[in-house]
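Read the structure below first, then the notes.
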Amino acid sequence: MKNKISVLVTSEKLNIQTCYDFVKDDSCGGITLFVGTVRNESYQKKVTLLNFSTYKAMAVKELNNIAVQALADFTILKIAIHHAEGDLKIGDIPVIIAVSAPHRDAAFKACQFAIDTLKKSVPIWKKEHFNDGAIWVNAHP
Amino acid sequence: MIVKLLVFGIFTDIFGANQVGFELPTPINIGQLKAFIAKKFPQTEALNFAIAVDETYADDDLIINENQIIALIPPVSGG
């Protein structure tokens, strides 16, 4: 199982090629790649900066749980889930998910499952900074 | 017992710290700890926060021990 999963939470710049190369395999007919990017606007306001803080030890565990679940539920070969922490600028990459599978359908579904579950359960928090202040995303019911 | 809590996200603003400690009666379970926090810090009540014990989400009926790592998890927003 372990050589089928690559999970990372890092303050270094994320690398799309690293994720792609990890999942690539001759037995696979397709690779899906989800790349999250920092948007320049939120709540009709110009975003100046995003900060991601994490409960790193638990975030790594939860990301690994998602990968294990994806491998159990979909006919895929490998999965990489990398997430950034710290300050990110517009256009920077907070998250990359790469999935390889013999057939594309499973790769698409597993990738969607992984990003949707990540957003619900992994202890990572986004703070959006504007010219006139900052807000914690999702923290205002 | 004294329960130490790791604090993240918007809770760091509410508590003004990354870690807090409270003297609590024993035994205490997760549901009771949540109720204690919500009462002491009313701003947290509407946030529907979770609690993790030893880096795993905990159910309300789990009893807390002194040597465990307990963390308050406000709504997450990764990705």
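Ordering of the structure tokens sets the chain letters (A, B, ...), residue numbers begin anew at 1 in every chain, and ligands are numbered from 1 in the order given.
Residue neighbourhood of B:Leu5, excluding near-sequence residues (fewer than 2 positions): Val3, Val7, Asn18, Gln19, Val20, Gly21, Phe22, Ile69, Ile70, Ala71 and Leu72 of chain B, at 9 Å, using only C-alpha atoms.
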Just to be explicit: take each residue in the selection above, keep N, CA and C atoms, and write the result as a PDB file, in the first residue's frame.
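Writing done, so here's selection_33.pdb:
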ATOM      1  N   VAL B   3      -6.389  19.909  31.600  1.00  0.00           N
ATOM      2  CA  VAL B   3      -6.455  19.471  30.213  1.00  0.00           C
ATOM      3  C   VAL B   3      -5.825  20.548  29.335  1.00  0.00           C
ATOM      4  N   VAL B   7      -4.751  24.547  19.761  1.00  0.00           N
ATOM      5  CA  VAL B   7      -5.760  25.440  19.181  1.00  0.00           C
ATOM      6  C   VAL B   7      -5.331  25.838  17.768  1.00  0.00           C
ATOM      7  N   ASN B  18      -1.990  29.544  20.854  1.00  0.00           N
ATOM      8  CA  ASN B  18      -1.975  28.275  20.113  1.00  0.00           C
ATOM      9  C   ASN B  18      -2.234  27.078  21.021  1.00  0.00           C
ATOM     10  N   GLN B  19      -2.216  27.352  22.313  1.00  0.00           N
ATOM     11  CA  GLN B  19      -2.422  26.274  23.286  1.00  0.00           C
ATOM     12  C   GLN B  19      -3.050  26.874  24.542  1.00  0.00           C
ATOM     13  N   VAL B  20      -4.027  26.173  25.106  1.00  0.00           N
ATOM     14  CA  VAL B  20      -4.653  26.649  26.347  1.00  0.00           C
ATOM     15  C   VAL B  20      -4.791  25.464  27.301  1.00  0.00           C
ATOM     16  N   GLY B  21      -4.924  25.759  28.583  1.00  0.00           N
ATOM     17  CA  GLY B  21      -5.105  24.690  29.565  1.00  0.00           C
ATOM     18  C   GLY B  21      -6.235  25.046  30.523  1.00  0.00           C
ATOM     19  N   PHE B  22      -7.030  24.032  30.898  1.00  0.00           N
ATOM     20  CA  PHE B  22      -8.121  24.262  31.837  1.00  0.00           C
ATOM     21  C   PHE B  22      -8.121  23.175  32.903  1.00  0.00           C
ATOM     22  N   ILE B  69      -3.086  13.900  23.609  1.00  0.00           N
ATOM     23  CA  ILE B  69      -2.967  15.171  22.876  1.00  0.00           C
ATOM     24  C   ILE B  69      -4.362  15.539  22.380  1.00  0.00           C
ATOM     25  N   ILE B  70      -4.881  16.636  22.897  1.00  0.00           N
ATOM     26  CA  ILE B  70      -6.251  17.024  22.553  1.00  0.00           C
ATOM     27  C   ILE B  70      -6.205  18.332  21.763  1.00  0.00           C
ATOM     28  N   ALA B  71      -6.952  18.371  20.658  1.00  0.00           N
ATOM     29  CA  ALA B  71      -6.926  19.553  19.792  1.00  0.00           C
ATOM     30  C   ALA B  71      -8.340  19.993  19.436  1.00  0.00           C
ATOM     31  N   LEU B  72      -8.542  21.300  19.454  1.00  0.00           N
ATOM     32  CA  LEU B  72      -9.815  21.870  19.003  1.00  0.00           C
ATOM     33  C   LEU B  72      -9.712  22.132  17.507  1.00  0.00           C
TER      34      LEU B  72
END
Under the rule of at most 6 Å, produce a per-residue listing of chain A near chain B: chain, number, name, the closest pair of atoms, and the distance in Å, as CSV, using only C-alpha atoms.
residue,atom,partner,partner_atom,distance
A:Met58,CA,B:Glu55,CA,4.8
A:Val95,CA,B:Gly79,CA,5.6
A:Lys119,CA,B:Gly78,CA,5.4
A:Pro123,CA,B:Val76,CA,5.6
A:Ile124,CA,B:Gly78,CA,4.8
A:Trp125,CA,B:Ser77,CA,4.8
A:Lys126,CA,B:Ser77,CA,5.5
A:Ala139,CA,B:Pro75,CA,5.9
Mind dumping the selected residues with C-alpha atoms as a short mmCIF file (atom, residue, chain, number, x, y, z; two decimals), in the first residue's frame?
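Once everything was written out, this is result_3.cif:
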data_model
loop_
_atom_site.label_atom_id
_atom_site.label_comp_id
_atom_site.auth_asym_id
_atom_site.auth_seq_id
_atom_site.Cartn_x
_atom_site.Cartn_y
_atom_site.Cartn_z
CA MET A 58 -3.00 15.05 11.94
CA VAL A 95 -2.95 21.55 -3.45
CA LYS A 119 -11.98 19.94 1.99
CA PRO A 123 -7.19 19.94 9.52
CA ILE A 124 -5.93 22.78 7.34
CA TRP A 125 -7.18 26.35 7.63
CA LYS A 126 -7.18 29.09 5.04
CA ALA A 139 -15.38 29.96 10.03
#
Notebook entry, point to check: Can you list, as an NGL selection string, every residue of stretch 4-119 of chain A that DSSP puts in helix (DSSP H, G or I)?
Noted result: :A and (4 or 16-23 or 56-73 or 104-119)
Notebook entry, point to check: How many Å separate atom CA of A:Glu85 from atom CA of B:Ile37?
Noted result: 27.4 Å
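Distance-wise, atom CA of A:Val7 and atom CA of A:His129 end up 27.3 Å apart.
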Within 12 Å of A:Asp116 using only C-alpha atoms, minus same-chain residues under 5 positions, as a JSON list (two decimals) with N, CA and C atoms, in the first residue's frame:
[["chain", "number", "residue", "atom", "x", "y", "z"],
["A", 34, "PHE", "N", -5.50, 17.12, -10.36],
["A", 34, "PHE", "CA", -6.22, 18.31, -9.90],
["A", 34, "PHE", "C", -5.20, 19.25, -9.30],
["A", 63, "LEU", "N", -4.75, 12.86, 5.33],
["A", 63, "LEU", "CA", -4.48, 12.74, 3.88],
["A", 63, "LEU", "C", -4.19, 11.28, 3.53],
["A", 66, "ILE", "N", -7.38, 9.33, 3.38],
["A", 66, "ILE", "CA", -8.10, 9.58, 2.13],
["A", 66, "ILE", "C", -7.51, 8.73, 1.01],
["A", 70, "ALA", "N", -9.36, 5.86, -1.11],
["A", 70, "ALA", "CA", -9.47, 5.96, -2.58],
["A", 70, "ALA", "C", -8.98, 4.67, -3.24],
["A", 97, "ILE", "N", -3.48, 16.96, -6.54],
["A", 97, "ILE", "CA", -3.87, 15.54, -6.40],
["A", 97, "ILE", "C", -3.65, 14.87, -7.75],
["A", 109, "LYS", "N", -12.99, 9.75, -10.85],
["A", 109, "LYS", "CA", -13.82, 9.62, -9.64],
["A", 109, "LYS", "C", -12.98, 9.67, -8.37],
["A", 110, "ALA", "N", -11.84, 9.00, -8.37],
["A", 110, "ALA", "CA", -10.98, 8.98, -7.18],
["A", 110, "ALA", "C", -10.42, 10.37, -6.90],
["A", 111, "CYS", "N", -10.10, 11.09, -7.96],
["A", 111, "CYS", "CA", -9.55, 12.44, -7.81],
["A", 111, "CYS", "C", -10.60, 13.38, -7.19],
["A", 121, "SER", "N", -12.45, 17.22, 5.73],
["A", 121, "SER", "CA", -11.94, 16.56, 6.93],
["A", 121, "SER", "C", -10.49, 16.86, 7.31],
["A", 122, "VAL", "N", -9.69, 17.38, 6.42],
["A", 122, "VAL", "CA", -8.26, 17.52, 6.75],
["A", 122, "VAL", "C", -8.02, 18.83, 7.52],
["B", 77, "SER", "N", -10.68, 24.33, 6.06],
["B", 77, "SER", "CA", -10.82, 25.02, 4.77],
["B", 77, "SER", "C", -9.58, 24.85, 3.91],
["B", 78, "GLY", "N", -9.08, 23.62, 3.88],
["B", 78, "GLY", "CA", -7.93, 23.33, 3.02],
["B", 78, "GLY", "C", -8.35, 23.21, 1.56],
["B", 79, "GLY", "N", -7.37, 23.01, 0.71],
["B", 79, "GLY", "CA", -7.64, 22.82, -0.71],
["B", 79, "GLY", "C", -7.51, 24.09, -1.51]]
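Using only C-alpha atoms, the shortest contact distance between A:Thr54 and any of A:Glu41, A:Asp87, A:Asp73, A:Asp25 is found at A:Asp87.
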Next item on the list: Extract the full set of strand (DSSP E) residues from stretch 21-96 of chain A according to DSSP on the backbone, and format it as a ChimeraX atom specification.
Entry: /A:30-36,41-42,45-54,78-84,86-88,95-96
Restricting it to N, CA, C and O atoms, dump the selection as a short mmCIF file (atom, residue, chain, number, x, y, z; two decimals), in the first residue's frame.
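Writing done, so here's selection_4.cif:
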data_model
loop_
_atom_site.label_atom_id
_atom_site.label_comp_id
_atom_site.auth_asym_id
_atom_site.auth_seq_id
_atom_site.Cartn_x
_atom_site.Cartn_y
_atom_site.Cartn_z
N GLY A 30 -4.46 6.18 -17.92
CA GLY A 30 -4.77 7.60 -17.69
C GLY A 30 -4.32 8.10 -16.34
O GLY A 30 -4.20 7.32 -15.38
N ILE A 31 -4.05 9.40 -16.31
CA ILE A 31 -3.69 10.07 -15.05
C ILE A 31 -4.58 11.31 -14.95
O ILE A 31 -4.66 12.09 -15.89
N THR A 32 -5.25 11.47 -13.80
CA THR A 32 -5.96 12.74 -13.57
C THR A 32 -5.12 13.56 -12.61
O THR A 32 -4.46 13.04 -11.70
N LEU A 33 -5.18 14.87 -12.85
CA LEU A 33 -4.38 15.79 -12.06
C LEU A 33 -5.28 16.95 -11.66
O LEU A 33 -5.83 17.64 -12.53
N PHE A 34 -5.50 17.12 -10.36
CA PHE A 34 -6.22 18.31 -9.90
C PHE A 34 -5.20 19.25 -9.30
O PHE A 34 -4.40 18.86 -8.43
N VAL A 35 -5.23 20.51 -9.75
CA VAL A 35 -4.31 21.51 -9.22
C VAL A 35 -5.15 22.67 -8.70
O VAL A 35 -5.85 23.33 -9.47
N GLY A 36 -5.11 22.88 -7.39
CA GLY A 36 -5.79 24.03 -6.81
C GLY A 36 -4.89 25.25 -6.99
O GLY A 36 -3.67 25.15 -6.87
N GLU A 41 -9.79 36.82 -6.23
CA GLU A 41 -10.96 37.51 -5.71
C GLU A 41 -11.78 36.59 -4.80
O GLU A 41 -11.87 35.39 -5.06
N SER A 42 -12.37 37.16 -3.76
CA SER A 42 -13.25 36.40 -2.89
C SER A 42 -14.22 37.40 -2.26
O SER A 42 -13.82 38.48 -1.84
N LYS A 45 -14.05 40.86 -3.32
CA LYS A 45 -12.92 41.69 -2.88
C LYS A 45 -11.62 41.12 -3.42
O LYS A 45 -11.49 39.91 -3.61
N LYS A 46 -10.66 42.02 -3.63
CA LYS A 46 -9.37 41.61 -4.17
C LYS A 46 -8.56 40.91 -3.08
O LYS A 46 -8.34 41.46 -2.00
N VAL A 47 -8.13 39.69 -3.37
CA VAL A 47 -7.31 38.94 -2.42
C VAL A 47 -5.85 39.35 -2.59
O VAL A 47 -5.35 39.44 -3.71
N THR A 48 -5.18 39.62 -1.48
CA THR A 48 -3.77 40.00 -1.56
C THR A 48 -2.85 38.82 -1.22
O THR A 48 -1.73 38.74 -1.73
N LEU A 49 -3.35 37.91 -0.38
CA LEU A 49 -2.51 36.82 0.13
C LEU A 49 -3.40 35.75 0.76
O LEU A 49 -4.45 36.08 1.31
N LEU A 50 -2.98 34.51 0.66
CA LEU A 50 -3.65 33.45 1.41
C LEU A 50 -2.64 32.85 2.38
O LEU A 50 -1.47 32.66 2.02
N ASN A 51 -3.11 32.55 3.58
CA ASN A 51 -2.24 31.84 4.51
C ASN A 51 -2.90 30.50 4.87
O ASN A 51 -4.07 30.47 5.24
N PHE A 52 -2.14 29.43 4.75
CA PHE A 52 -2.63 28.11 5.15
C PHE A 52 -1.89 27.69 6.41
O PHE A 52 -0.66 27.60 6.42
N SER A 53 -2.67 27.45 7.48
CA SER A 53 -2.06 26.88 8.67
C SER A 53 -2.59 25.45 8.81
O SER A 53 -3.68 25.14 8.34
N THR A 54 -1.80 24.60 9.44
CA THR A 54 -2.17 23.18 9.50
C THR A 54 -1.91 22.62 10.89
O THR A 54 -1.08 23.13 11.63
N LYS A 78 -2.19 4.35 -8.24
CA LYS A 78 -1.43 5.18 -7.30
C LYS A 78 -2.12 6.53 -7.10
O LYS A 78 -2.85 7.00 -7.98
N ILE A 79 -1.83 7.14 -5.96
CA ILE A 79 -2.40 8.46 -5.67
C ILE A 79 -1.38 9.32 -4.92
O ILE A 79 -0.69 8.83 -4.02
N ALA A 80 -1.28 10.57 -5.34
CA ALA A 80 -0.44 11.54 -4.63
C ALA A 80 -1.32 12.71 -4.20
O ALA A 80 -2.13 13.20 -4.99
N ILE A 81 -1.19 13.09 -2.94
CA ILE A 81 -1.91 14.27 -2.44
C ILE A 81 -0.89 15.16 -1.72
O ILE A 81 -0.38 14.79 -0.66
N HIS A 82 -0.61 16.30 -2.29
CA HIS A 82 0.35 17.24 -1.71
C HIS A 82 -0.35 18.54 -1.38
O HIS A 82 -1.11 19.07 -2.20
N HIS A 83 -0.11 19.07 -0.19
CA HIS A 83 -0.75 20.32 0.23
C HIS A 83 0.30 21.28 0.78
O HIS A 83 1.19 20.87 1.52
N ALA A 84 0.13 22.55 0.45
CA ALA A 84 1.09 23.56 0.91
C ALA A 84 0.64 24.16 2.24
O ALA A 84 -0.54 24.14 2.59
N GLY A 86 1.62 27.79 4.88
CA GLY A 86 2.31 29.08 4.89
C GLY A 86 1.62 30.08 3.97
O GLY A 86 0.47 29.91 3.59
N ASP A 87 2.36 31.15 3.61
CA ASP A 87 1.79 32.22 2.77
C ASP A 87 1.86 31.87 1.29
O ASP A 87 2.92 31.45 0.80
N LEU A 88 0.74 32.05 0.58
CA LEU A 88 0.71 31.82 -0.87
C LEU A 88 0.17 33.06 -1.57
O LEU A 88 -0.75 33.72 -1.07
N VAL A 95 -2.71 23.01 -3.50
CA VAL A 95 -2.95 21.55 -3.45
C VAL A 95 -2.79 20.92 -4.84
O VAL A 95 -3.17 21.52 -5.85
N ILE A 96 -2.21 19.72 -4.84
CA ILE A 96 -2.12 18.90 -6.06
C ILE A 96 -2.59 17.49 -5.71
O ILE A 96 -2.16 16.93 -4.69
#
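Nearest-residue note for B:Lys40: choosing from B:Ile64, B:Thr26, B:Phe15, B:Asp59, the minimum distance belongs to B:Phe15, counting only C-alpha atoms.
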